[in-house]
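Source file: protein-v7.txt; contents: compact mmCIF, C-alpha atoms.
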```txt
# COMPACT_ATOMS: atom_id res chain seq x y z
CA MET U 53 139.49 128.78 114.12
CA ASN U 54 135.71 128.54 113.76
CA PHE U 55 135.02 129.77 117.26
CA PRO U 56 131.19 129.22 117.16
CA PHE U 57 131.83 125.53 116.51
CA TYR U 58 134.53 125.45 119.22
CA PHE U 59 132.17 126.94 121.81
CA ALA U 60 129.30 124.67 120.72
CA ARG U 61 131.51 121.62 121.22
CA ARG U 62 132.62 122.82 124.65
CA TYR U 63 129.03 123.56 125.70
CA LEU U 64 127.89 120.12 124.56
CA PHE U 65 130.40 118.12 126.56
CA SER U 66 131.14 120.44 129.50
CA LYS U 67 129.27 120.29 132.77
CA LYS U 68 126.45 122.83 133.00
CA SER U 69 125.59 124.85 136.07
CA THR U 70 122.25 123.11 136.08
CA HIS U 71 122.70 119.34 135.87
CA VAL U 72 119.30 118.81 134.25
CA ILE U 73 120.59 120.49 131.05
CA ASN U 74 123.16 117.71 130.62
CA LEU U 75 120.42 115.17 131.22
CA ILE U 76 118.04 116.71 128.69
CA SER U 77 120.84 116.95 126.11
CA ALA U 78 121.65 113.27 126.64
CA ILE U 79 117.97 112.32 126.35
CA SER U 80 117.70 114.35 123.12
CA MET U 81 120.73 112.59 121.67
CA ILE U 82 119.40 109.16 122.69
CA GLY U 83 115.99 109.95 121.17
CA VAL U 84 117.58 110.87 117.83
CA ALA U 85 119.80 107.77 117.96
CA VAL U 86 116.86 105.43 118.67
CA ALA U 87 114.73 106.94 115.87
CA THR U 88 117.67 106.70 113.47
CA MET U 89 118.33 103.09 114.47
CA ALA U 90 114.65 102.26 113.88
CA LEU U 91 114.82 103.80 110.39
CA VAL U 92 117.89 101.76 109.45
CA ILE U 93 116.42 98.50 110.77
CA VAL U 94 112.93 98.88 109.28
CA LEU U 95 114.21 99.89 105.84
CA SER U 96 116.67 96.97 105.91
CA VAL U 97 113.86 94.53 106.77
CA PHE U 98 111.82 95.81 103.81
CA ASN U 99 114.91 95.35 101.64
CA GLY U 100 115.24 91.81 102.98
CA PHE U 101 111.68 90.91 101.99
CA HIS U 102 112.21 92.57 98.60
CA ASP U 103 115.32 90.49 97.92
CA LEU U 104 113.63 87.34 99.24
CA VAL U 105 110.66 87.74 96.88
CA ALA U 106 113.04 88.48 94.00
CA SER U 107 114.95 85.27 94.69
CA PHE U 108 111.73 83.25 94.44
CA PHE U 109 110.77 84.77 91.11
CA THR U 110 114.27 84.13 89.78
CA ALA U 111 113.64 80.38 89.79
CA PHE U 112 110.65 80.69 87.46
CA ASP U 113 110.75 83.96 85.56
CA PRO U 114 113.07 84.48 82.57
CA GLN U 115 115.79 87.12 82.56
CA ILE U 116 113.98 88.99 79.79
CA GLU U 117 110.40 88.65 78.57
CA VAL U 118 109.13 90.20 75.34
CA VAL U 119 105.35 90.74 75.22
CA PRO U 120 103.12 92.49 72.67
CA THR U 121 102.17 96.05 73.56
CA LEU U 122 98.67 95.66 72.13
CA GLY U 123 96.66 92.48 72.44
CA LYS U 124 97.51 89.23 74.19
CA THR U 125 99.33 87.39 71.41
CA ALA U 126 101.70 88.03 68.50
CA PRO U 127 102.78 86.03 65.41
CA ALA U 128 105.56 83.62 66.29
CA ASP U 129 107.27 84.32 62.94
CA ASP U 130 107.41 88.11 63.40
CA GLU U 131 110.63 89.46 61.84
CA LEU U 132 111.29 91.67 64.87
CA LEU U 133 111.23 88.65 67.18
CA ALA U 134 113.54 86.80 64.79
CA LYS U 135 116.05 89.65 65.08
CA LEU U 136 115.97 89.39 68.87
CA LYS U 137 116.73 85.67 68.70
CA GLN U 138 119.79 86.34 66.54
CA LEU U 139 121.46 88.78 68.93
CA ASP U 140 124.93 87.66 70.04
CA GLU U 141 124.08 88.08 73.74
CA VAL U 142 121.09 85.71 73.56
CA ASP U 143 121.72 82.19 74.88
CA VAL U 144 118.31 80.49 75.22
CA VAL U 145 114.93 81.47 73.74
CA THR U 146 111.56 79.91 74.57
CA GLU U 147 108.21 80.69 73.02
CA ASN U 148 105.34 80.86 75.49
CA VAL U 149 101.55 80.58 75.22
CA GLU U 150 99.66 81.43 78.39
CA GLU U 151 95.90 81.54 79.01
CA GLN U 152 93.19 80.82 81.58
CA ALA U 153 91.36 77.49 81.62
CA LEU U 154 89.34 75.16 83.87
CA ALA U 155 91.06 72.04 85.27
CA VAL U 156 88.92 69.09 86.37
CA TYR U 157 90.21 65.98 88.13
CA LYS U 158 87.69 63.51 89.48
CA ASP U 159 85.26 65.55 91.61
CA ARG U 160 87.47 68.63 91.96
CA GLN U 161 87.96 71.61 89.70
CA ALA U 162 89.88 74.89 89.68
CA MET U 163 90.53 77.87 87.46
CA VAL U 164 94.14 77.62 86.30
CA THR U 165 96.71 79.39 84.14
CA VAL U 166 98.00 77.02 81.49
CA LYS U 167 101.56 78.00 80.57
CA GLY U 168 102.75 76.26 77.42
CA VAL U 169 106.51 76.37 76.88
CA GLU U 170 109.16 74.63 74.79
CA ASN U 171 111.29 71.74 76.03
CA ASN U 172 114.25 74.05 76.67
CA PHE U 173 112.35 75.81 79.48
CA SER U 174 114.56 74.06 82.04
CA GLU U 175 117.60 75.68 80.38
CA LEU U 176 115.92 79.07 80.41
CA THR U 177 115.04 79.09 84.12
CA HIS U 178 115.92 77.24 87.32
CA ILE U 179 112.72 75.19 87.27
CA SER U 180 114.60 71.96 88.02
CA ASP U 181 115.72 73.42 91.36
CA ILE U 182 112.12 73.82 92.60
CA LEU U 183 110.64 70.48 91.49
CA TYR U 184 109.42 68.02 94.13
CA GLY U 185 108.40 64.41 93.61
CA GLU U 186 109.66 61.14 92.15
CA GLY U 187 109.63 62.17 88.50
CA GLU U 188 111.57 64.73 86.48
CA PHE U 189 110.93 67.76 84.29
CA SER U 190 109.11 66.57 81.18
CA LEU U 191 106.44 68.24 79.04
CA GLU U 192 105.66 65.60 76.46
CA ALA U 193 106.59 62.09 75.39
CA ALA U 194 105.37 60.46 72.14
CA ASN U 195 101.66 61.41 71.98
CA LEU U 196 101.38 62.04 75.74
CA GLU U 197 101.13 65.55 77.18
CA TYR U 198 102.36 66.17 80.73
CA GLY U 199 101.16 68.84 83.13
CA ILE U 200 103.34 70.04 86.04
CA MET U 201 101.22 71.78 88.67
CA GLY U 202 102.11 74.28 91.36
CA ILE U 203 102.28 72.67 94.78
CA ARG U 204 99.27 74.51 96.20
CA LEU U 205 97.18 73.74 93.13
CA ALA U 206 98.07 70.07 93.55
CA GLN U 207 96.88 70.22 97.15
CA GLU U 208 93.64 71.91 96.10
CA MET U 209 93.01 69.26 93.45
CA GLY U 210 93.90 66.49 95.91
CA THR U 211 96.58 64.95 93.68
CA GLY U 212 99.94 65.35 95.40
CA SER U 213 103.03 65.19 93.20
CA TYR U 214 101.51 62.39 91.09
CA PHE U 215 97.96 61.77 89.92
CA PRO U 216 96.88 58.59 88.11
CA GLY U 217 94.74 58.88 85.01
CA TYR U 218 93.91 62.07 83.15
CA MET U 219 93.21 65.64 84.20
CA LYS U 220 90.80 67.36 81.85
CA ILE U 221 91.43 70.96 80.78
CA PHE U 222 88.53 73.05 79.43
CA ALA U 223 89.01 76.24 77.41
CA PRO U 224 86.34 78.28 75.59
CA MET U 225 86.39 78.09 71.80
CA ARG U 226 87.79 81.22 70.16
CA GLU U 227 85.47 81.11 67.17
CA GLY U 228 81.81 80.37 66.59
CA GLN U 229 78.72 81.00 68.70
CA LEU U 230 77.73 79.25 71.90
CA ASP U 231 74.84 76.77 71.54
CA LEU U 232 72.83 77.26 74.75
CA SER U 233 71.15 73.88 74.25
CA ASP U 234 74.57 72.22 74.41
CA PRO U 235 76.96 74.47 76.43
CA ALA U 236 79.69 71.81 76.42
CA SER U 237 80.08 72.27 72.68
CA GLY U 238 81.44 75.75 73.29
CA PHE U 239 84.57 74.39 74.97
CA VAL U 240 87.74 72.74 73.76
CA VAL U 241 88.62 69.79 76.01
CA ASP U 242 92.01 68.12 76.27
CA SER U 243 93.79 65.99 78.85
CA LEU U 244 97.08 66.00 80.73
CA ILE U 245 98.88 63.29 82.68
CA SER U 246 101.29 63.67 85.57
CA PRO U 247 105.08 63.40 85.21
CA GLY U 248 105.30 62.74 88.97
CA VAL U 249 106.53 66.18 90.06
CA VAL U 250 105.15 69.53 91.18
CA PHE U 251 106.94 72.88 91.42
CA ALA U 252 107.08 75.25 94.41
CA VAL U 253 107.98 78.86 93.63
CA ARG U 254 106.58 79.83 97.06
CA GLN U 255 104.49 82.54 95.47
CA SER U 256 100.72 82.17 95.34
CA LYS U 257 100.60 83.63 91.84
CA TYR U 258 102.32 80.49 90.52
CA ASP U 259 101.90 77.76 93.12
CA LYS U 260 98.11 78.08 93.40
CA SER U 261 97.06 78.39 89.79
CA CYS U 262 99.76 77.53 87.26
CA ILE U 263 100.17 74.36 85.16
CA LEU U 264 103.28 73.96 83.01
CA THR U 265 102.84 71.99 79.81
CA SER U 266 104.08 71.88 76.21
CA ILE U 267 103.48 74.80 73.89
CA ALA U 268 101.89 72.43 71.35
CA PHE U 269 99.22 71.45 73.90
CA ALA U 270 98.53 75.10 74.80
CA ARG U 271 98.23 76.15 71.16
CA ARG U 272 95.87 73.31 70.42
CA LEU U 273 93.75 73.99 73.51
CA PHE U 274 93.43 77.75 72.95
CA GLY U 275 93.40 77.75 69.14
CA LEU U 276 96.58 79.81 68.90
CA GLN U 277 98.49 77.99 66.18
CA GLY U 278 101.42 80.12 65.03
CA GLU U 279 100.90 82.59 67.91
CA ILE U 280 102.79 83.31 71.13
CA SER U 281 101.90 85.17 74.30
CA SER U 282 105.52 86.10 74.97
CA LEU U 283 109.10 85.36 74.05
CA GLU U 284 111.24 84.40 77.05
CA ILE U 285 115.00 84.92 76.84
CA ARG U 286 118.10 84.02 78.83
CA LEU U 287 121.30 85.90 78.10
CA LYS U 288 124.84 84.59 77.97
CA ASN U 289 126.90 84.85 81.14
CA GLY U 290 128.54 88.24 81.52
CA SER U 291 126.00 90.10 79.41
CA ASP U 292 124.91 93.53 80.62
CA ILE U 293 121.15 93.10 81.03
CA ASP U 294 120.38 96.82 80.92
CA LYS U 295 122.36 97.36 77.71
CA VAL U 296 120.89 94.30 76.00
CA LYS U 297 117.39 95.29 77.11
CA GLN U 298 117.85 98.75 75.59
CA LYS U 299 119.21 97.22 72.38
CA MET U 300 116.13 95.01 72.15
CA ARG U 301 113.82 97.97 72.74
CA ASP U 302 115.52 99.84 69.93
CA ILE U 303 114.84 96.86 67.62
CA VAL U 304 111.17 96.24 68.48
CA GLY U 305 110.14 99.86 69.04
CA ASP U 306 106.63 100.38 70.39
CA LYS U 307 105.29 97.08 69.08
CA TYR U 308 106.65 95.01 71.98
CA GLN U 309 107.59 95.56 75.60
CA VAL U 310 110.97 94.23 76.77
CA LEU U 311 110.77 93.44 80.50
CA ASP U 312 113.38 92.27 83.00
CA ARG U 313 112.45 90.20 86.07
CA TYR U 314 111.55 93.21 88.20
CA GLU U 315 109.42 94.75 85.45
CA GLN U 316 107.63 91.42 84.94
CA GLN U 317 106.52 91.63 88.58
CA ALA U 318 106.14 95.41 88.62
CA ASP U 319 102.91 95.40 90.66
CA THR U 320 104.40 93.28 93.44
CA PHE U 321 107.59 95.30 93.76
CA LYS U 322 105.75 98.62 93.43
CA ILE U 323 103.54 97.69 96.38
CA MET U 324 106.62 96.77 98.40
CA GLN U 325 108.29 100.08 97.51
CA ILE U 326 105.16 101.99 98.55
CA GLU U 327 105.04 100.13 101.87
CA LYS U 328 108.72 100.91 102.44
CA PHE U 329 108.17 104.60 101.64
CA ILE U 330 105.18 104.82 104.00
CA ALA U 331 107.23 103.22 106.78
CA TYR U 332 109.98 105.75 106.09
CA ILE U 333 107.49 108.64 106.33
CA PHE U 334 105.98 107.43 109.63
CA LEU U 335 109.38 106.84 111.21
CA THR U 336 110.50 110.27 110.00
CA PHE U 337 107.60 111.82 111.92
CA ILE U 338 108.79 109.97 115.03
CA LEU U 339 112.27 111.32 114.34
CA MET U 340 110.84 114.85 114.17
CA VAL U 341 109.28 114.39 117.61
CA ALA U 342 112.65 113.21 118.95
CA CYS U 343 114.36 116.25 117.44
CA PHE U 344 111.95 118.59 119.22
CA ASN U 345 113.59 117.48 122.46
CA ILE U 346 116.69 119.29 121.21
CA ILE U 347 114.75 122.56 121.33
CA GLY U 348 114.13 122.17 125.05
CA SER U 349 117.78 121.39 125.65
CA LEU U 350 118.95 124.42 123.66
CA SER U 351 116.41 126.72 125.29
CA MET U 352 117.74 125.87 128.75
CA LEU U 353 121.33 126.13 127.50
CA ILE U 354 120.71 129.62 126.12
CA ILE U 355 119.34 130.75 129.46
CA ASP U 356 122.20 129.06 131.35
CA LYS U 357 124.86 130.70 129.16
CA LYS U 358 123.38 134.21 129.16
CA ASP U 359 126.35 135.65 131.02
CA ASP U 360 128.79 133.93 128.64
CA VAL U 361 126.94 135.40 125.71
CA MET U 362 127.22 138.92 127.11
CA THR U 363 130.94 138.40 127.69
CA LEU U 364 131.45 137.19 124.11
CA ARG U 365 129.47 140.13 122.82
CA ASN U 366 131.61 142.58 124.79
CA LEU U 367 134.72 140.91 123.37
CA GLY U 368 133.56 141.65 119.83
CA ALA U 369 131.49 138.60 118.83
CA THR U 370 128.68 139.46 116.41
CA ASP U 371 125.07 138.48 116.98
CA HIS U 372 125.33 136.11 114.03
CA GLN U 373 128.34 134.32 115.53
CA ILE U 374 126.59 133.94 118.88
CA THR U 375 123.52 132.51 117.18
CA GLN U 376 125.77 130.10 115.27
CA ILE U 377 127.07 128.69 118.57
CA PHE U 378 123.65 127.38 119.54
CA LEU U 379 122.83 126.28 115.99
CA PHE U 380 126.03 124.23 115.96
CA GLU U 381 125.02 122.82 119.34
CA GLY U 382 121.75 121.49 117.89
CA ARG U 383 123.48 120.17 114.78
CA LEU U 384 126.08 118.34 116.87
CA ILE U 385 123.35 116.63 118.88
CA SER U 386 121.64 115.57 115.63
CA ALA U 387 124.87 114.41 113.98
CA ILE U 388 126.07 112.41 116.99
CA GLY U 389 122.61 110.87 117.40
CA ALA U 390 122.57 109.98 113.69
CA ILE U 391 126.02 108.36 113.76
CA VAL U 392 125.29 106.39 116.94
CA GLY U 393 121.86 105.34 115.66
CA ILE U 394 123.23 104.18 112.30
CA ALA U 395 126.03 102.24 114.02
CA LEU U 396 123.55 100.50 116.36
CA GLY U 397 121.17 99.83 113.47
CA LEU U 398 123.90 98.24 111.36
CA LEU U 399 125.05 96.17 114.34
CA LEU U 400 121.54 94.84 115.00
CA CYS U 401 121.04 94.12 111.29
CA TRP U 402 124.28 92.12 111.26
CA ILE U 403 123.17 90.17 114.35
CA GLN U 404 119.82 89.38 112.69
CA GLN U 405 121.50 88.35 109.44
CA THR U 406 123.99 86.12 111.26
CA PHE U 407 121.92 84.59 114.04
CA GLY U 408 118.26 85.19 113.06
CA VAL U 409 117.39 86.40 116.55
CA VAL U 410 113.89 87.69 115.69
CA ALA U 411 111.88 84.75 114.37
CA LEU U 412 108.78 84.93 112.18
CA GLY U 413 106.97 82.05 113.87
CA GLU U 414 107.04 79.96 116.99
CA SER U 415 107.99 76.79 115.16
CA SER U 416 110.70 76.27 112.56
CA GLY U 417 109.45 75.73 109.02
CA SER U 418 106.11 77.52 109.54
CA PHE U 419 107.15 80.21 107.06
CA VAL U 420 109.29 80.47 103.95
CA VAL U 421 112.10 81.73 106.20
CA ASP U 422 112.36 81.20 109.94
CA ALA U 423 113.61 84.71 110.81
CA TYR U 424 113.00 88.21 109.47
CA PRO U 425 115.20 88.70 106.39
CA VAL U 426 117.48 91.73 106.50
CA SER U 427 119.40 93.37 103.68
CA VAL U 428 121.32 96.60 104.26
CA HIS U 429 121.37 98.94 101.27
CA TYR U 430 123.94 101.62 101.90
CA SER U 431 122.01 104.08 99.77
CA ASP U 432 119.28 103.85 102.43
CA VAL U 433 121.87 104.47 105.15
CA VAL U 434 123.00 107.65 103.38
CA ILE U 435 119.39 108.80 102.97
CA VAL U 436 118.69 108.17 106.67
CA PHE U 437 121.82 110.09 107.72
CA PHE U 438 120.98 113.17 105.68
CA THR U 439 117.32 112.95 106.72
CA VAL U 440 118.34 113.13 110.38
CA LEU U 441 120.68 116.04 109.72
CA ALA U 442 118.04 117.94 107.75
CA ILE U 443 115.29 117.44 110.32
CA GLY U 444 117.66 118.28 113.18
CA TRP U 445 118.74 121.50 111.45
CA LEU U 446 115.17 122.54 110.62
CA ALA U 447 113.97 121.70 114.13
CA VAL U 448 116.44 124.06 115.82
CA TRP U 449 116.83 126.81 113.23
CA TYR U 450 113.80 128.97 114.05
CA PRO U 451 113.70 128.39 117.85
CA VAL U 452 117.41 129.19 118.24
CA ARG U 453 117.19 132.36 116.13
CA HIS U 454 114.09 133.49 118.06
CA LEU U 455 115.59 132.81 121.50
CA SER U 456 118.93 134.33 120.53
CA ARG U 457 117.26 137.55 119.38
CA ARG U 458 115.46 137.83 122.70
CA LEU U 459 118.67 137.10 124.57
CA LEU U 460 120.65 139.66 122.60
CA SER U 461 118.01 142.37 122.83
CA PRO U 462 118.54 145.31 125.21
CA GLN U 463 115.84 143.94 127.52
CA SER U 464 117.57 140.52 127.74
CA GLU U 465 118.64 141.13 131.35
CA ASP U 466 115.02 140.47 132.36
CA LEU U 467 114.63 137.41 130.08
CA SER U 468 112.37 134.78 131.58
CA TYR U 469 110.38 131.84 130.25
```
Re-express the file's structure as structure tokens.
Amino acid sequence: MNFPFYFARRYLFSKKSTHVINLISAISMIGVAVATMALVIVLSVFNGFHDLVASFFTAFDPQIEVVPTLGKTAPADDELLAKLKQLDEVDVVTENVEEQALAVYKDRQAMVTVKGVENNFSELTHISDILYGEGEFSLEAANLEYGIMGIRLAQEMGTGSYFPGYMKIFAPMREGQLDLSDPASGFVVDSLISPGVVFAVRQSKYDKSCILTSIAFARRLFGLQGEISSLEIRLKNGSDIDKVKQKMRDIVGDKYQVLDRYEQQADTFKIMQIEKFIAYIFLTFILMVACFNIIGSLSMLIIDKKDDVMTLRNLGATDHQITQIFLFEGRLISAIGAIVGIALGLLLCWIQQTFGVVALGESSGSFVVDAYPVSVHYSDVVIVFFTVLAIGWLAVWYPVRHLSRRLLSPQSEDLSY
């Protein structure tokens, strides 16, 4: 039998000669549990926002995007891109031309991102699921070019889901010199009409500045005939994205970057990961403060059990074994606090997921979601558990060894604090 652990367990749950020691031990355990619960809940809320943002991008971004490593465009007939299109796992491919331009409608204007795509864009993404209005997804018809705006851009331009007449799009000419006497001659001007719908990704990056149109219009406007900004790809169902992505990278080498949805929005998700890490660090400091309460509990326990320690020593217990008793005591408090805190954290996360108890706003519909999103990642739970154990062990290791040495010293009969 591991008698240091046996004694530590008895000391933890048995009644002490001084009742305040039981109270301080309970407070220490509760402090660790509350800090652990806070870690689980906060990390799960960050996961919830991460997954929520990812779900919004899913409706608009392709599964895989291939972009040139150098420069903004690449030849559409590049042999490397042709090889990617011929892969067995590839289901839908769309060429994309994307650039900045100025949109003018009546007396309003805005800087926009014109995204020219092929007609199969609705097969590539879930764009049809986020369209609002009386029309349908359409990029061109006969000699007419349609422009589908983001919902916030439509509000800024004062158009709604449908605008009568033409919206003019201005883009600087790629070649030639600007004639200062006639600045308008330095721009290419073309017009779009409304198909009667707008899209709502619920991300400012798209909703406030993006206009979807045909790739022919974008190439004509920006002078990029035979060029593409990116190649957007959807894979067949059941394909392993990571394996296909690596296969594509092996084909294109350093000439192109092959990006999945998360890598396409790397800046956004990196910021979210940094925020989550900072929250983890701050809450870990709070956990350290809670673990310091264990030191006070153990200090009083060591003094209270001085006679027991002398008895154990006379019975043959080594100094190391006696020190291990109080180390196990501190570790038990940390472990029980961690388990209770994780259980409470998971319970509260489940309640929030099921009932949405904590709302984001006072009125329903004010935000994208009405309640704080929560997503429990069990890897985070494991990290939290071992973090609590590590901090609890480190918090008690030196104080217990120091106090035990004083207790076990020849002058320990006169020990006072």
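For the residues U:Tyr157, U:Phe222, U:Phe251, U:Val166, ranking by smallest atom-to-atom distance to U:Glu188 using only C-alpha atoms places U:Phe251 first.
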Expressed in Å, the length from atom CA of U:Pro120 to atom CA of U:Gly278 is 14.6 Å
Need the shell around stretch 376-382 of chain U: protein/DNA/RNA residues with any atom at most 8 Å away, counting all atoms listed in the file. Skip same-chain ones fewer than 4 positions apart. Format as a PDB file with C-alpha atoms, keeping the file's coordinate frame?
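Saved result, around.pdb, follows:
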```pdb
ATOM      1  CA  PRO U  56     131.190 129.220 117.160  1.00  0.00           C
ATOM      2  CA  PHE U  57     131.830 125.530 116.510  1.00  0.00           C
ATOM      3  CA  PHE U  59     132.170 126.940 121.810  1.00  0.00           C
ATOM      4  CA  ALA U  60     129.300 124.670 120.720  1.00  0.00           C
ATOM      5  CA  ARG U  61     131.510 121.620 121.220  1.00  0.00           C
ATOM      6  CA  TYR U  63     129.030 123.560 125.700  1.00  0.00           C
ATOM      7  CA  LEU U  64     127.890 120.120 124.560  1.00  0.00           C
ATOM      8  CA  ILE U 346     116.690 119.290 121.210  1.00  0.00           C
ATOM      9  CA  ILE U 347     114.750 122.560 121.330  1.00  0.00           C
ATOM     10  CA  LEU U 350     118.950 124.420 123.660  1.00  0.00           C
ATOM     11  CA  ILE U 354     120.710 129.620 126.120  1.00  0.00           C
ATOM     12  CA  HIS U 372     125.330 136.110 114.030  1.00  0.00           C
ATOM     13  CA  SER U 386     121.640 115.570 115.630  1.00  0.00           C
ATOM     14  CA  GLY U 444     117.660 118.280 113.180  1.00  0.00           C
ATOM     15  CA  TRP U 445     118.740 121.500 111.450  1.00  0.00           C
ATOM     16  CA  VAL U 448     116.440 124.060 115.820  1.00  0.00           C
ATOM     17  CA  TRP U 449     116.830 126.810 113.230  1.00  0.00           C
ATOM     18  CA  VAL U 452     117.410 129.190 118.240  1.00  0.00           C
TER      19      VAL U 452
END
```
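Take the candidates U:Val310, U:Ala342, U:Ile245, U:Val92 and check each one against U:Gln115 using all atoms listed in the file; the shortest distance goes to U:Val310.
Atom CA of U:Ala193 to atom CA of U:Gln138 spans 29.0 Å [interatomic distance, one decimal].
Nearest to U:Cys262 of all the residues U:Ser427, U:Gln404, U:Thr110, U:Thr165 is U:Thr165, based on only C-alpha atoms.
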Residue neighbourhood U:Leu95, 9 Å, only C-alpha atoms, exclusion window fewer than 3 positions, as a count of residues only: 16
Stretch 102-187 of chain U residues near stretch 287-305 of chain U within 10 Å, closest pair each, using only C-alpha atoms, as a tab-separated table:
```
residue	atom	partner	partner_atom	distance
U:Pro114	CA	U:Leu287	CA	9.5
U:Gln115	CA	U:Leu287	CA	7.2
U:Ile116	CA	U:Lys297	CA	7.6
U:Glu117	CA	U:Lys297	CA	9.8
U:Val118	CA	U:Met300	CA	9.1
U:Pro120	CA	U:Val304	CA	9.8
U:Thr121	CA	U:Gly305	CA	9.9
U:Glu131	CA	U:Val304	CA	9.5
U:Leu132	CA	U:Val304	CA	5.8
U:Leu133	CA	U:Val304	CA	7.7
U:Lys135	CA	U:Ile303	CA	7.7
U:Leu136	CA	U:Met300	CA	6.5
U:Lys137	CA	U:Met300	CA	10.0
U:Leu139	CA	U:Met300	CA	8.8
U:Asp140	CA	U:Lys288	CA	8.5
U:Glu141	CA	U:Lys288	CA	5.5
U:Val142	CA	U:Leu287	CA	4.5
U:Asp143	CA	U:Leu287	CA	4.9
U:Val144	CA	U:Leu287	CA	6.8
U:Val145	CA	U:Leu287	CA	8.9
U:Leu176	CA	U:Leu287	CA	9.0
```
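Reported to one decimal place, the separation of atom CA of U:Val420 from atom CA of U:Glu284 is 27.3 Å.
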Restricting the calculation to only C-alpha atoms: of U:Leu412, U:Val164, U:Cys343, U:Leu283, which residue gets closest to U:Arg204? U:Val164
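Minimum atom-to-atom distance to U:Val421, evaluated using all atoms listed in the file, belongs to U:Leu104 out of U:Ala78, U:Leu104, U:Leu154, U:Ile403.
Among U:Ser246, U:Met340, U:Glu147, U:Val253, the residue with the shortest atom-to-atom distance to U:His178, counting only C-alpha atoms, is U:Val253.
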Write out as a PDB file with C-alpha atoms, keeping the file's coordinate frame each polymer residue whose atoms come within 12 Å of U:Asp242, counting all atoms listed in the file; drop sequence neighbours fewer than 3 positions from it.
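After the write, part.pdb holds the following:
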```pdb
ATOM      1  CA  ALA U 153      91.360  77.490  81.620  1.00  0.00           C
ATOM      2  CA  LEU U 154      89.340  75.160  83.870  1.00  0.00           C
ATOM      3  CA  ALA U 155      91.060  72.040  85.270  1.00  0.00           C
ATOM      4  CA  VAL U 156      88.920  69.090  86.370  1.00  0.00           C
ATOM      5  CA  VAL U 166      98.000  77.020  81.490  1.00  0.00           C
ATOM      6  CA  LEU U 196     101.380  62.040  75.740  1.00  0.00           C
ATOM      7  CA  GLU U 197     101.130  65.550  77.180  1.00  0.00           C
ATOM      8  CA  TYR U 198     102.360  66.170  80.730  1.00  0.00           C
ATOM      9  CA  GLY U 199     101.160  68.840  83.130  1.00  0.00           C
ATOM     10  CA  TYR U 218      93.910  62.070  83.150  1.00  0.00           C
ATOM     11  CA  MET U 219      93.210  65.640  84.200  1.00  0.00           C
ATOM     12  CA  LYS U 220      90.800  67.360  81.850  1.00  0.00           C
ATOM     13  CA  ILE U 221      91.430  70.960  80.780  1.00  0.00           C
ATOM     14  CA  PHE U 222      88.530  73.050  79.430  1.00  0.00           C
ATOM     15  CA  ALA U 223      89.010  76.240  77.410  1.00  0.00           C
ATOM     16  CA  PRO U 224      86.340  78.280  75.590  1.00  0.00           C
ATOM     17  CA  PHE U 239      84.570  74.390  74.970  1.00  0.00           C
ATOM     18  CA  ILE U 245      98.880  63.290  82.680  1.00  0.00           C
ATOM     19  CA  ALA U 268     101.890  72.430  71.350  1.00  0.00           C
ATOM     20  CA  PHE U 269      99.220  71.450  73.900  1.00  0.00           C
ATOM     21  CA  ALA U 270      98.530  75.100  74.800  1.00  0.00           C
ATOM     22  CA  ARG U 271      98.230  76.150  71.160  1.00  0.00           C
ATOM     23  CA  ARG U 272      95.870  73.310  70.420  1.00  0.00           C
ATOM     24  CA  LEU U 273      93.750  73.990  73.510  1.00  0.00           C
ATOM     25  CA  PHE U 274      93.430  77.750  72.950  1.00  0.00           C
TER      26      PHE U 274
END
```
Identify the residues around (99.5, 77.8, 89.7) within a radius of 8 Å, measuring from all atoms listed in the file in the coordinates stated by the file, and give them as a PyMOL selection string. chain U and resi 164-165+201-205+256-263
Fewer than 6 positions away in the same chain doesn't count, so skip those; otherwise give me all residues within 9 Å of U:His102, counting all atoms listed in the file, as a PyMOL selection string. chain U and resi 321+324-325+427
For U:Ala126, list every protein, DNA or RNA residue within 9 Å, evaluated using all atoms listed in the file, and leave out those in the same chain fewer than 4 positions away; present the list as a PDB file with C-alpha atoms, keeping the file's coordinate frame.
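To be explicit, this is the file written out as selection-v5.pdb:
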```pdb
ATOM      1  CA  VAL U 119     105.350  90.740  75.220  1.00  0.00           C
ATOM      2  CA  PRO U 120     103.120  92.490  72.670  1.00  0.00           C
ATOM      3  CA  LEU U 122      98.670  95.660  72.130  1.00  0.00           C
ATOM      4  CA  ASP U 130     107.410  88.110  63.400  1.00  0.00           C
ATOM      5  CA  GLY U 278     101.420  80.120  65.030  1.00  0.00           C
ATOM      6  CA  GLU U 279     100.900  82.590  67.910  1.00  0.00           C
ATOM      7  CA  ILE U 280     102.790  83.310  71.130  1.00  0.00           C
ATOM      8  CA  SER U 281     101.900  85.170  74.300  1.00  0.00           C
ATOM      9  CA  SER U 282     105.520  86.100  74.970  1.00  0.00           C
TER      10      SER U 282
END
```
As lines of an AutoDock Vina configuration file, what would the box around stretch 111-128 of chain U look like: edges along x, y and z, 3 Å added on every side, centre and edge lengths in Å to one decimal?
```
center_x = 106.2
center_y = 88.2
center_z = 77.6
size_x = 25.1
size_y = 21.7
size_z = 30.4
```
Please identify all polymer residues lying at most 10 Å from the point (107.1, 63.0, 95.3) (file coordinates), using only C-alpha atoms, and present the result as number ranges by chain. U: 183-187, 212-214, 248-250
